[in-house]
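Next comes run.txt, a file with compact mmCIF, C-alpha atoms.
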# COMPACT_ATOMS: atom_id res chain seq x y z
CA MET A 199 5.38 -39.84 -14.29
CA LYS A 200 6.50 -38.17 -11.05
CA TRP A 201 4.95 -35.26 -9.17
CA ILE A 202 6.81 -32.67 -7.11
CA ALA A 203 4.63 -30.76 -4.65
CA PHE A 204 4.94 -27.17 -3.44
CA THR A 205 2.98 -25.56 -0.65
CA GLY A 206 2.54 -22.08 0.81
CA GLY A 207 0.15 -19.20 0.53
CA GLY A 208 -1.96 -16.48 2.04
CA THR A 209 0.25 -13.72 0.64
CA GLY A 210 2.49 -13.31 -2.38
CA GLY A 211 5.53 -13.62 -0.13
CA HIS A 212 4.56 -17.24 0.58
CA ILE A 213 3.93 -18.05 -3.09
CA TYR A 214 6.35 -16.26 -5.41
CA PRO A 215 9.56 -17.74 -3.94
CA GLY A 216 8.15 -21.25 -4.35
CA LEU A 217 7.27 -20.46 -7.94
CA ALA A 218 10.86 -19.28 -8.42
CA VAL A 219 12.10 -22.71 -7.35
CA ALA A 220 9.57 -24.39 -9.65
CA ASP A 221 10.75 -22.23 -12.56
CA GLU A 222 14.41 -23.13 -11.99
CA LEU A 223 13.55 -26.81 -11.69
CA ARG A 224 11.54 -26.63 -14.91
CA LYS A 225 14.61 -25.19 -16.67
CA MET A 226 16.62 -28.17 -15.47
CA LEU A 227 13.93 -30.50 -16.79
CA ALA A 228 14.00 -28.72 -20.16
CA ASP A 229 17.75 -29.36 -20.38
CA ASN A 230 17.05 -32.97 -19.49
CA ASP A 231 14.52 -33.23 -22.35
CA ALA A 232 17.03 -31.70 -24.75
CA ALA A 233 19.51 -34.39 -23.76
CA GLY A 234 16.96 -37.04 -24.71
CA GLU A 235 16.38 -38.23 -21.13
CA ASN A 236 12.63 -37.88 -20.94
CA GLU A 237 11.19 -38.47 -17.50
CA GLU A 238 7.78 -36.88 -17.20
CA ILE A 239 7.70 -34.58 -14.16
CA LYS A 240 4.74 -32.44 -13.12
CA PHE A 241 4.37 -29.82 -10.40
CA LEU A 242 1.52 -29.57 -7.89
CA TRP A 243 0.82 -26.56 -5.70
CA ILE A 244 -1.13 -27.02 -2.45
CA GLY A 245 -2.54 -23.69 -1.26
CA CYS A 246 -5.45 -22.05 0.48
CA ASN A 247 -8.87 -22.76 -1.01
CA LYS A 248 -9.79 -19.09 -0.50
CA GLY A 249 -8.01 -15.87 -1.41
CA MET A 250 -5.34 -15.17 -3.99
CA ASP A 251 -3.41 -18.46 -3.99
CA LYS A 252 -5.11 -20.23 -6.90
CA SER A 253 -5.14 -17.15 -9.12
CA VAL A 254 -1.44 -16.34 -8.59
CA VAL A 255 -0.29 -19.92 -9.12
CA GLU A 256 -2.37 -20.45 -12.25
CA LYS A 257 -1.35 -17.11 -13.77
CA SER A 258 2.31 -17.97 -13.28
CA GLY A 259 2.14 -21.09 -15.43
CA SER A 260 4.79 -22.60 -13.15
CA CYS A 261 2.69 -25.52 -11.89
CA ASP A 262 0.57 -28.14 -13.62
CA ALA A 263 -2.09 -28.49 -10.92
CA PHE A 264 -3.45 -26.59 -7.93
CA ALA A 265 -5.16 -28.16 -4.91
CA GLY A 266 -6.94 -25.92 -2.43
CA ILE A 267 -7.27 -26.93 1.22
CA PRO A 268 -8.83 -25.26 4.30
CA SER A 269 -6.45 -22.95 6.10
CA GLY A 270 -6.55 -21.81 9.72
CA LYS A 271 -4.39 -19.27 11.51
CA LEU A 272 -3.24 -19.00 15.13
CA ARG A 273 -3.39 -15.29 15.96
CA ARG A 274 -1.15 -13.52 18.47
CA TYR A 275 -4.14 -12.04 20.25
CA PHE A 276 -7.39 -13.32 21.73
CA SER A 277 -10.00 -14.06 19.10
CA LEU A 278 -12.90 -16.48 18.88
CA GLN A 279 -11.69 -17.16 15.35
CA ASN A 280 -8.78 -19.07 16.89
CA VAL A 281 -11.28 -21.69 18.05
CA ALA A 282 -12.87 -22.01 14.61
CA ASP A 283 -9.48 -22.10 12.92
CA VAL A 284 -8.41 -25.14 14.94
CA PHE A 285 -11.05 -27.09 13.04
CA LYS A 286 -9.88 -25.57 9.75
CA ILE A 287 -6.34 -26.73 10.49
CA ILE A 288 -7.58 -30.26 11.23
CA GLY A 289 -9.64 -30.16 8.03
CA GLY A 290 -6.58 -28.88 6.15
CA PHE A 291 -4.53 -31.83 7.40
CA PHE A 292 -7.01 -34.43 6.15
CA ALA A 293 -7.49 -32.58 2.85
CA ALA A 294 -3.72 -32.38 2.35
CA PHE A 295 -3.31 -36.05 3.29
CA PHE A 296 -5.70 -37.18 0.56
CA VAL A 297 -4.24 -34.78 -2.01
CA LEU A 298 -0.76 -36.17 -1.35
CA LEU A 299 -2.13 -39.71 -1.40
CA LYS A 300 -3.68 -39.01 -4.82
CA TYR A 301 -0.64 -37.42 -6.48
CA LYS A 302 2.08 -39.32 -4.56
CA PRO A 303 4.73 -36.58 -4.93
CA VAL A 304 8.35 -37.61 -4.47
CA VAL A 305 9.17 -34.47 -2.46
CA LEU A 306 7.34 -31.50 -0.89
CA PHE A 307 8.82 -27.99 -0.82
CA SER A 308 7.20 -25.58 1.64
CA LYS A 309 7.46 -21.81 1.42
CA GLY A 310 5.51 -21.18 4.59
CA GLY A 311 2.36 -19.50 5.72
CA PHE A 312 -0.19 -21.35 7.85
CA VAL A 313 -1.62 -23.22 4.85
CA SER A 314 1.74 -25.04 4.57
CA VAL A 315 1.62 -26.67 8.01
CA PRO A 316 -1.00 -29.41 7.35
CA PRO A 317 0.68 -30.54 4.07
CA CYS A 318 4.07 -30.78 5.80
CA TYR A 319 2.70 -32.97 8.59
CA ALA A 320 0.70 -35.08 6.14
CA ALA A 321 3.84 -35.53 4.02
CA LYS A 322 5.80 -36.59 7.10
CA LEU A 323 3.15 -39.21 7.86
CA LEU A 324 3.33 -40.46 4.26
CA LYS A 325 7.16 -40.52 4.37
CA ILE A 326 7.48 -37.86 1.66
CA PRO A 327 10.69 -35.80 2.07
CA VAL A 328 9.95 -32.22 3.18
CA PHE A 329 12.04 -29.10 2.59
CA THR A 330 10.92 -25.88 4.28
CA HIS A 331 12.19 -22.36 3.64
CA GLU A 332 12.13 -19.34 5.98
CA CYS A 333 12.55 -16.00 4.24
CA ASP A 334 12.57 -13.67 7.28
CA VAL A 335 15.37 -12.96 9.75
CA THR A 336 13.27 -14.40 12.58
CA PRO A 337 11.42 -17.68 11.89
CA GLY A 338 7.65 -17.63 12.05
CA LEU A 339 5.45 -20.14 13.83
CA ALA A 340 4.69 -21.99 10.60
CA THR A 341 8.41 -22.56 9.98
CA ARG A 342 8.98 -23.62 13.58
CA LEU A 343 6.23 -26.22 13.18
CA ASN A 344 7.29 -27.32 9.71
CA SER A 345 10.92 -27.68 10.77
CA LYS A 346 9.92 -30.68 12.90
CA CYS A 347 8.94 -32.46 9.67
CA ALA A 348 11.71 -31.24 7.39
CA GLU A 349 14.83 -32.99 6.16
CA LYS A 350 16.33 -29.57 5.44
CA ILE A 351 15.44 -26.14 6.86
CA LEU A 352 16.48 -23.51 4.33
CA LEU A 353 17.18 -19.94 5.47
CA SER A 354 17.58 -16.58 3.75
CA PHE A 355 19.86 -15.05 6.38
CA GLU A 356 22.80 -16.41 8.37
CA LYS A 357 21.49 -14.62 11.47
CA THR A 358 18.40 -16.84 11.44
CA GLN A 359 20.44 -19.91 12.48
CA LYS A 360 20.60 -18.72 16.09
CA TYR A 361 16.83 -19.11 16.47
CA PHE A 362 17.02 -22.89 16.08
CA SER A 363 18.22 -25.42 18.65
CA GLU A 364 21.61 -27.08 18.35
CA ASP A 365 20.10 -30.45 17.48
CA MET A 366 18.69 -28.86 14.31
CA ALA A 367 22.03 -27.41 13.19
CA SER A 368 22.80 -30.27 10.78
CA ARG A 369 19.54 -29.62 8.93
CA LEU A 370 20.03 -25.85 8.51
CA VAL A 371 21.19 -24.53 5.15
CA VAL A 372 21.61 -20.81 4.36
CA THR A 373 20.56 -20.41 0.74
CA GLY A 374 19.29 -16.85 0.46
CA ASP A 375 15.74 -16.16 -0.70
CA PRO A 376 14.56 -17.64 -4.02
CA VAL A 377 13.69 -14.81 -6.38
CA ARG A 378 11.90 -15.46 -9.67
CA PRO A 379 14.27 -15.59 -12.67
CA VAL A 380 12.44 -12.69 -14.34
CA PHE A 381 13.83 -10.27 -11.74
CA TYR A 382 17.38 -11.12 -12.78
CA GLU A 383 16.39 -10.26 -16.35
CA ALA A 384 14.32 -7.14 -15.55
CA ASP A 385 14.57 -4.36 -18.12
CA ARG A 386 14.26 -0.66 -17.21
CA SER A 387 13.19 0.44 -20.67
CA ALA A 388 10.38 -2.15 -20.72
CA GLY A 389 9.21 -0.90 -17.32
CA LEU A 390 9.22 2.73 -18.44
CA LYS A 391 7.26 1.81 -21.56
CA PHE A 392 4.63 -0.01 -19.46
CA LEU A 393 4.30 3.11 -17.29
CA GLY A 394 3.91 5.36 -20.32
CA LEU A 395 7.29 6.99 -19.72
CA GLU A 396 8.80 6.11 -23.09
CA THR A 397 11.80 8.41 -22.79
CA GLU A 398 14.19 8.61 -19.85
CA PRO A 399 12.27 10.56 -17.17
CA ASP A 400 13.36 14.07 -16.25
CA LYS A 401 13.02 13.26 -12.53
CA PRO A 402 13.37 10.08 -10.47
CA VAL A 403 10.67 7.40 -10.44
CA LEU A 404 9.36 6.62 -6.94
CA LEU A 405 7.83 3.16 -6.77
CA VAL A 406 5.40 2.76 -3.85
CA LEU A 407 4.46 -0.78 -2.83
CA GLY A 408 2.62 -2.22 0.13
CA GLY A 409 2.74 -5.90 -0.72
CA SER A 410 0.28 -7.79 -2.91
CA LEU A 411 -2.66 -6.69 -0.74
CA GLY A 412 -1.59 -3.06 -0.36
CA ALA A 413 -0.84 -1.14 2.84
CA LYS A 414 -3.30 1.50 4.08
CA GLN A 415 -0.69 3.32 6.19
CA ILE A 416 1.61 3.80 3.20
CA ASN A 417 -1.27 4.57 0.82
CA ASP A 418 -2.61 7.30 3.09
CA LEU A 419 0.86 8.75 3.68
CA VAL A 420 1.54 8.98 -0.04
CA THR A 421 -1.79 10.44 -1.08
CA ALA A 422 -1.60 13.03 1.72
CA ASN A 423 1.70 14.25 0.27
CA LEU A 424 1.06 13.92 -3.45
CA ASP A 425 1.66 17.61 -4.22
CA TRP A 426 5.16 17.48 -2.70
CA LEU A 427 5.96 14.05 -4.13
CA CYS A 428 4.83 14.75 -7.69
CA GLU A 429 6.89 17.93 -7.84
CA ARG A 430 10.02 15.81 -7.33
CA PHE A 431 9.16 12.29 -8.57
CA TYR A 432 7.03 10.32 -10.94
CA VAL A 433 5.01 8.39 -8.35
CA VAL A 434 4.16 4.82 -9.38
CA HIS A 435 1.82 3.46 -6.71
CA GLN A 436 0.58 -0.12 -6.33
CA THR A 437 -2.35 0.51 -4.02
CA GLY A 438 -3.86 -2.94 -3.54
CA LYS A 439 -7.27 -3.74 -5.01
CA ALA A 440 -9.33 -3.06 -1.88
CA TRP A 441 -7.90 0.44 -1.37
CA ALA A 442 -8.35 1.25 -5.06
CA GLU A 443 -12.02 0.28 -4.87
CA GLU A 444 -12.59 2.46 -1.81
CA ASN A 445 -10.84 5.56 -3.18
CA ASP A 446 -11.24 7.63 -6.34
CA ILE A 447 -7.83 7.03 -7.90
CA GLU A 448 -9.00 8.39 -11.25
CA ALA A 449 -9.66 11.77 -9.62
CA LEU A 450 -6.18 11.69 -8.06
CA LYS A 451 -4.66 10.97 -11.47
CA LYS A 452 -6.44 13.98 -12.99
CA GLN A 453 -5.19 16.26 -10.21
CA HIS A 454 -1.63 14.91 -10.43
CA PRO A 455 -0.48 13.96 -13.96
CA ASP A 456 2.75 12.48 -12.59
CA TYR A 457 0.86 10.13 -10.26
CA LEU A 458 0.54 6.62 -11.74
CA PRO A 459 -1.62 4.38 -9.51
CA TYR A 460 -2.26 0.67 -10.15
CA PRO A 461 -4.41 -1.63 -7.99
CA PHE A 462 -2.00 -4.49 -8.69
CA ILE A 463 0.91 -5.12 -11.05
CA TYR A 464 1.67 -8.75 -11.81
CA GLY A 465 3.54 -9.78 -14.95
CA GLU A 466 5.21 -6.42 -15.51
CA MET A 467 6.37 -5.96 -11.91
CA PRO A 468 10.03 -6.99 -12.50
CA HIS A 469 10.37 -4.42 -15.28
CA VAL A 470 8.48 -1.78 -13.28
CA MET A 471 10.84 -2.39 -10.36
CA ALA A 472 13.81 -2.00 -12.70
CA ALA A 473 12.34 1.33 -13.81
CA GLY A 474 12.08 2.61 -10.23
CA ASP A 475 14.84 4.87 -8.93
CA VAL A 476 13.62 4.73 -5.32
CA VAL A 477 11.29 2.20 -3.67
CA LEU A 478 9.01 3.03 -0.72
CA SER A 479 7.58 -0.11 0.80
CA ARG A 480 6.83 -2.49 3.63
CA ALA A 481 9.67 -4.85 4.54
CA GLY A 482 8.53 -8.34 3.57
CA SER A 483 11.65 -10.42 3.01
CA ASN A 484 10.76 -11.76 -0.43
CA PHE A 485 10.19 -8.24 -1.70
CA LEU A 486 13.45 -7.01 -0.15
CA TRP A 487 15.39 -9.73 -1.97
CA GLU A 488 13.71 -8.73 -5.25
CA CYS A 489 14.89 -5.19 -4.59
CA ALA A 490 18.41 -6.43 -3.83
CA VAL A 491 18.50 -8.38 -7.12
CA THR A 492 17.35 -5.30 -9.06
CA ALA A 493 19.63 -2.99 -6.99
CA LYS A 494 17.04 -0.59 -5.62
CA PRO A 495 17.57 2.05 -2.90
CA LEU A 496 14.87 1.63 -0.28
CA VAL A 497 12.72 3.57 2.15
CA LEU A 498 11.09 0.98 4.41
CA ILE A 499 8.07 1.31 6.67
CA PRO A 500 7.88 -2.14 8.30
CA LEU A 501 4.60 -3.60 9.46
CA SER A 502 4.57 -3.56 13.25
CA GLY A 503 2.22 -3.75 16.20
CA SER A 504 0.27 -6.42 18.07
CA GLY A 505 -0.92 -8.21 14.94
CA THR A 506 2.59 -9.16 13.81
CA ARG A 507 5.56 -10.95 15.36
CA GLY A 508 7.85 -8.11 14.22
CA ASP A 509 9.45 -9.97 11.33
CA GLN A 510 9.34 -6.94 9.03
CA VAL A 511 10.95 -4.78 11.71
CA ASP A 512 13.82 -7.27 11.91
CA ASN A 513 14.15 -7.47 8.12
CA ALA A 514 14.25 -3.69 7.81
CA ALA A 515 16.81 -3.41 10.61
CA LEU A 516 19.17 -5.74 8.76
CA PHE A 517 18.90 -3.72 5.51
CA LEU A 518 19.47 -0.55 7.54
CA GLU A 519 22.57 -2.11 9.11
CA LYS A 520 23.89 -2.91 5.62
CA GLU A 521 23.24 0.74 4.58
CA ALA A 522 20.87 -0.48 1.89
CA ALA A 523 17.79 1.35 3.18
CA PHE A 524 16.32 4.19 5.19
CA VAL A 525 13.77 3.02 7.78
CA LEU A 526 10.81 4.82 9.31
CA GLY A 527 8.78 3.42 12.19
CA GLY A 528 11.15 0.55 12.96
CA ARG A 529 14.36 0.08 14.90
CA THR A 530 18.03 -0.66 14.40
CA VAL A 531 19.64 -4.08 15.03
CA ASP A 532 20.76 -2.65 18.41
CA GLY A 533 17.18 -1.82 19.36
CA ALA A 534 17.25 1.97 18.90
CA GLU A 535 14.10 3.42 17.37
CA THR A 536 14.24 4.80 13.85
CA PRO A 537 12.39 8.05 12.95
CA VAL A 538 8.62 7.81 13.31
CA VAL A 539 6.34 7.63 10.30
CA ASN A 540 5.10 11.11 9.50
CA ASP A 541 5.02 13.56 6.59
CA GLU A 542 8.14 15.44 7.64
CA ASN A 543 10.35 12.38 8.08
CA LEU A 544 9.18 10.93 4.77
CA LYS A 545 10.10 14.15 3.01
CA GLN A 546 13.46 14.26 4.77
CA VAL A 547 14.62 10.82 3.62
CA LEU A 548 13.22 11.24 0.11
CA THR A 549 15.02 14.58 -0.21
CA GLN A 550 18.28 12.74 0.50
CA LEU A 551 17.42 10.23 -2.22
CA LEU A 552 16.97 12.99 -4.79
CA VAL A 553 20.78 12.97 -4.86
CA SER A 554 21.92 10.40 -7.43
CA GLU A 555 25.08 9.50 -5.48
CA THR A 556 23.02 8.63 -2.40
CA ARG A 557 20.77 6.42 -4.50
CA LYS A 558 23.79 4.75 -6.07
CA LYS A 559 25.38 3.95 -2.70
CA LEU A 560 22.23 2.33 -1.29
CA ALA A 561 21.64 0.41 -4.53
CA GLU A 562 25.17 -1.00 -4.52
CA ASN A 563 24.88 -2.03 -0.86
CA ALA A 564 21.55 -3.77 -1.53
CA HIS A 565 22.92 -5.64 -4.53
CA ALA A 566 25.98 -6.76 -2.54
CA MET A 567 23.67 -8.73 -0.21
CA ILE A 568 22.64 -11.31 -2.83
CA PRO A 569 24.54 -14.62 -3.05
CA SER A 570 26.79 -15.30 -6.02
CA GLU A 571 24.65 -18.33 -6.99
CA LYS A 572 20.90 -17.86 -7.39
CA PRO A 573 19.10 -19.19 -4.30
CA ALA A 574 16.25 -20.57 -6.42
CA PHE A 575 18.79 -22.56 -8.45
CA VAL A 576 20.53 -23.85 -5.32
CA ILE A 577 17.22 -24.96 -3.80
CA ALA A 578 16.02 -26.50 -7.08
CA LYS A 579 19.17 -28.66 -7.15
CA MET A 580 18.45 -29.84 -3.60
CA VAL A 581 14.84 -30.68 -4.50
CA LYS A 582 16.04 -32.47 -7.63
CA GLN A 583 18.43 -34.61 -5.62
CA ALA A 584 15.77 -35.45 -3.05
CA ALA A 585 13.40 -36.41 -5.88
CA LYS A 586 16.15 -38.57 -7.45
CA LEU A 587 15.71 -36.89 -10.82
CA ASN A 588 18.24 -37.20 -13.61
CA CYS A 589 18.23 -33.50 -14.56
CA GLN A 590 21.09 -31.49 -15.94
CA ASP A 591 22.42 -28.76 -13.58
Turn the structure described in the file into structure tokens.
Amino acid sequence: MKWIAFTGGGTGGHIYPGLAVADELRKMLADNDAAGENEEIKFLWIGCNKGMDKSVVEKSGSCDAFAGIPSGKLRRYFSLQNVADVFKIIGGFFAAFFVLLKYKPVVLFSKGGFVSVPPCYAAKLLKIPVFTHECDVTPGLATRLNSKCAEKILLSFEKTQKYFSEDMASRLVVTGDPVRPVFYEADRSAGLKFLGLETEPDKPVLLVLGGSLGAKQINDLVTANLDWLCERFYVVHQTGKAWAEENDIEALKKQHPDYLPYPFIYGEMPHVMAAGDVVLSRAGSNFLWECAVTAKPLVLIPLSGSGTRGDQVDNAALFLEKEAAFVLGGRTVDGAETPVVNDENLKQVLTQLLVSETRKKLAENAHAMIPSEKPAFVIAKMVKQAAKLNCQD
């Protein structure tokens, strides 16, 4: 029996793409079983021992085991927590080392986040091949650290190559971002049924998302303008669990029958996304690629400020450049500021997207950004080869 290890966590964006690779690899293994070449392979996920990681991985059914380790974070501002987190990182390294020693995986695939750094360095010490993937236009600190351990550094965007030194060029591979197979198979009618909109809606469906944890800025903007929005759209709103607990969403539903709030949507999300006619969201790269696969016109409000390195601003700028999105509160690839986030500018861009031809143009431009071969499949083949598995492609 062989184990293949995956690592990443902290947010859905550092988990779901890794699960997409695991799913594609499992399909290859199923073909291998059908051919009568039975080599028992199991998947291990190494994630944070606190937060959402364990729940998301186990719900997916993509991995056979989950190992939680301590996770520290180096913040971009002064905080005493930085001192405490140094010890968490050291603890994470030793925990990861013994997990890897126990399971002896033949390869480790990292999807990033600070929880992935200790496993990558422990794998390097144990001579386990490491593959690391960066989903954003600009590489984060975790990727920069992990790249020192990796045989291959996988990128979502060609532009990202310029952020690495020339001596790393031979290890860079532009694959695109691995999106779960279910998004390629998403069904609009199934999404409408889940939302209680059994017949084709008489007005567009606006899907509001702020990432797996929600986004207060977007939540407050939407709820402040619900009268205007619900006159023109069915508003499907993933609020995040914390925001839902702090606000009376049931009262909002009673006041606005066309407002459909959900604390979190998991299994049905691909179909719900397919049902959306317009998506209002943050600009996490994994989510943007899911929108590109499902051909969604976008209004992006990227996370910015001192607590972020500006990765979402860069992601949004690229989609703006490709005419696949409107952007509020960000900038263009040339550095010019986009319209600020306020009620009037939100209404202005959404009014443009009430026109079906405008929606169609943005949707086509978004869909044109995806590679011809599924990134998750491409990466799964690379992992398979590194693991020396005899799977069918």
Residues near Asn513 in chain A, cut-off 7 Å, all atoms listed in the file, skip fewer than 3 positions along chain, as a list in words: Asp334, Val335, Ala481, Ser483, Asp509, Gln510, Leu516 and Phe517 of chain A
Just the selected residues (C-alpha atoms), exported as a PDB file, in the coordinates of the input, please.
ATOM      1  CA  ASP A 334      12.570 -13.670   7.280  1.00  0.00           C
ATOM      2  CA  VAL A 335      15.370 -12.960   9.750  1.00  0.00           C
ATOM      3  CA  ALA A 481       9.670  -4.850   4.540  1.00  0.00           C
ATOM      4  CA  SER A 483      11.650 -10.420   3.010  1.00  0.00           C
ATOM      5  CA  ASP A 509       9.450  -9.970  11.330  1.00  0.00           C
ATOM      6  CA  GLN A 510       9.340  -6.940   9.030  1.00  0.00           C
ATOM      7  CA  LEU A 516      19.170  -5.740   8.760  1.00  0.00           C
ATOM      8  CA  PHE A 517      18.900  -3.720   5.510  1.00  0.00           C
TER       9      PHE A 517
END
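Considering only C-alpha atoms, the residue among A:Asp221, A:Arg369, A:Pro461, A:Thr549 positioned nearest to Ser260 in chain A is A:Asp221.
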Minimum-distance residue to Thr373 in chain A, chosen among A:Arg386, A:Lys494, A:His435, A:His331 (using all atoms listed in the file): A:His331
Residues within 8 Å of range 295-310 of chain A, all atoms listed in the file, excluding chain neighbours under 4 positions, as a PyMOL selection string: chain A and resi 200-207+212-213+215-216+265+291+314-315+317-318+320-321+324+326-332+340-341+581+584-585
Restricted to C-alpha atoms, what would the selected residues look like written as a short mmCIF file (atom, residue, chain, number, x, y, z; two decimals), in the frame of the given file?
data_model
loop_
_atom_site.label_atom_id
_atom_site.label_comp_id
_atom_site.auth_asym_id
_atom_site.auth_seq_id
_atom_site.Cartn_x
_atom_site.Cartn_y
_atom_site.Cartn_z
CA LYS A 200 6.50 -38.17 -11.05
CA TRP A 201 4.95 -35.26 -9.17
CA ILE A 202 6.81 -32.67 -7.11
CA ALA A 203 4.63 -30.76 -4.65
CA PHE A 204 4.94 -27.17 -3.44
CA THR A 205 2.98 -25.56 -0.65
CA GLY A 206 2.54 -22.08 0.81
CA GLY A 207 0.15 -19.20 0.53
CA HIS A 212 4.56 -17.24 0.58
CA ILE A 213 3.93 -18.05 -3.09
CA PRO A 215 9.56 -17.74 -3.94
CA GLY A 216 8.15 -21.25 -4.35
CA ALA A 265 -5.16 -28.16 -4.91
CA PHE A 291 -4.53 -31.83 7.40
CA SER A 314 1.74 -25.04 4.57
CA VAL A 315 1.62 -26.67 8.01
CA PRO A 317 0.68 -30.54 4.07
CA CYS A 318 4.07 -30.78 5.80
CA ALA A 320 0.70 -35.08 6.14
CA ALA A 321 3.84 -35.53 4.02
CA LEU A 324 3.33 -40.46 4.26
CA ILE A 326 7.48 -37.86 1.66
CA PRO A 327 10.69 -35.80 2.07
CA VAL A 328 9.95 -32.22 3.18
CA PHE A 329 12.04 -29.10 2.59
CA THR A 330 10.92 -25.88 4.28
CA HIS A 331 12.19 -22.36 3.64
CA GLU A 332 12.13 -19.34 5.98
CA ALA A 340 4.69 -21.99 10.60
CA THR A 341 8.41 -22.56 9.98
CA VAL A 581 14.84 -30.68 -4.50
CA ALA A 584 15.77 -35.45 -3.05
CA ALA A 585 13.40 -36.41 -5.88
#
Separation of CA of Gly259 in chain A from CA of Ala564 in chain A, in Å and rounded to one decimal: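 Taking CA of Gly259 in chain A and CA of Ala564 in chain A, their separation equals 29.5 Å.
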Pick from A:Lys579, A:Arg430, A:Lys572, A:Lys401 nearest to Pro376 in chain A, counting only C-alpha atoms: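 Among the listed residues, the smallest separation from Pro376 in chain A belongs to A:Lys572.
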Residue nearest Glu521 in chain A among A:Leu544, A:Leu323, A:Ile287, A:Met567 (counting all atoms listed in the file): A:Met567
Nearest to Ile239 in chain A by atom-to-atom distance, counting all atoms listed in the file, from A:Cys428, A:Met199, A:Met366, A:Ala263: A:Met199
Non-local contacts of Glu222 in chain A (7 Å; all atoms listed in the file; under 5 positions in same chain excluded) as a ChimeraX atom specification: /A:574-575,578
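Using only C-alpha atoms, every residue with an atom at most 12 Å from the point (22.1, -20.5, 12.7) is listed here: Val335, Thr336, Pro337, Ile351, Leu352, Leu353, Ser354, Phe355, Glu356, Lys357, Thr358, Gln359, Lys360, Tyr361, Phe362, Ser363, Glu364, Asp365, Met366, Ala367, Ser368, Arg369, Leu370, Val371 and Val372 of chain A.
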For CA of Tyr464 in chain A and CA of Gly290 in chain A, the interatomic separation in Å (one decimal): 28.2 Å
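Taking all atoms listed in the file into account, Ala413 in chain A lies nearest to A:Ser502 out of the set A:Met471, A:Asp456, A:Thr397, A:Ser502.
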Distance query range 526-536 of chain A at most 12 Å, only C-alpha atoms, self and fewer than 4 positions along chain excluded, as a VMD selection string: chain A and resid 335 357 415 to 416 478 to 481 496 to 503 508 to 521 540 to 548
CA of Asp375 in chain A to CA of Lys252 in chain A, straight-line distance in Å: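 For CA of Lys252 in chain A relative to CA of Asp375 in chain A, the distance reads 22.1 Å.
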Shell around Cys246 in chain A at 6 Å using all atoms listed in the file, local window under 6 positions removed, as number ranges by chain: A: 266-267, 269, 313
Output for the residues just chosen: C-alpha atoms as a compact mmCIF listing (two decimals), in the frame of the given file:
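So the final result, stored in selection.txt, reads:
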# COMPACT_ATOMS: atom_id res chain seq x y z
CA GLY A 266 -6.94 -25.92 -2.43
CA ILE A 267 -7.27 -26.93 1.22
CA SER A 269 -6.45 -22.95 6.10
CA VAL A 313 -1.62 -23.22 4.85
Nearby residues, (3.8, 8.8, -7.2) file frame, 8 Å, all atoms listed in the file, as a VMD selection string: chain A and resid 403 to 406 420 424 427 to 428 431 to 435 456 to 459
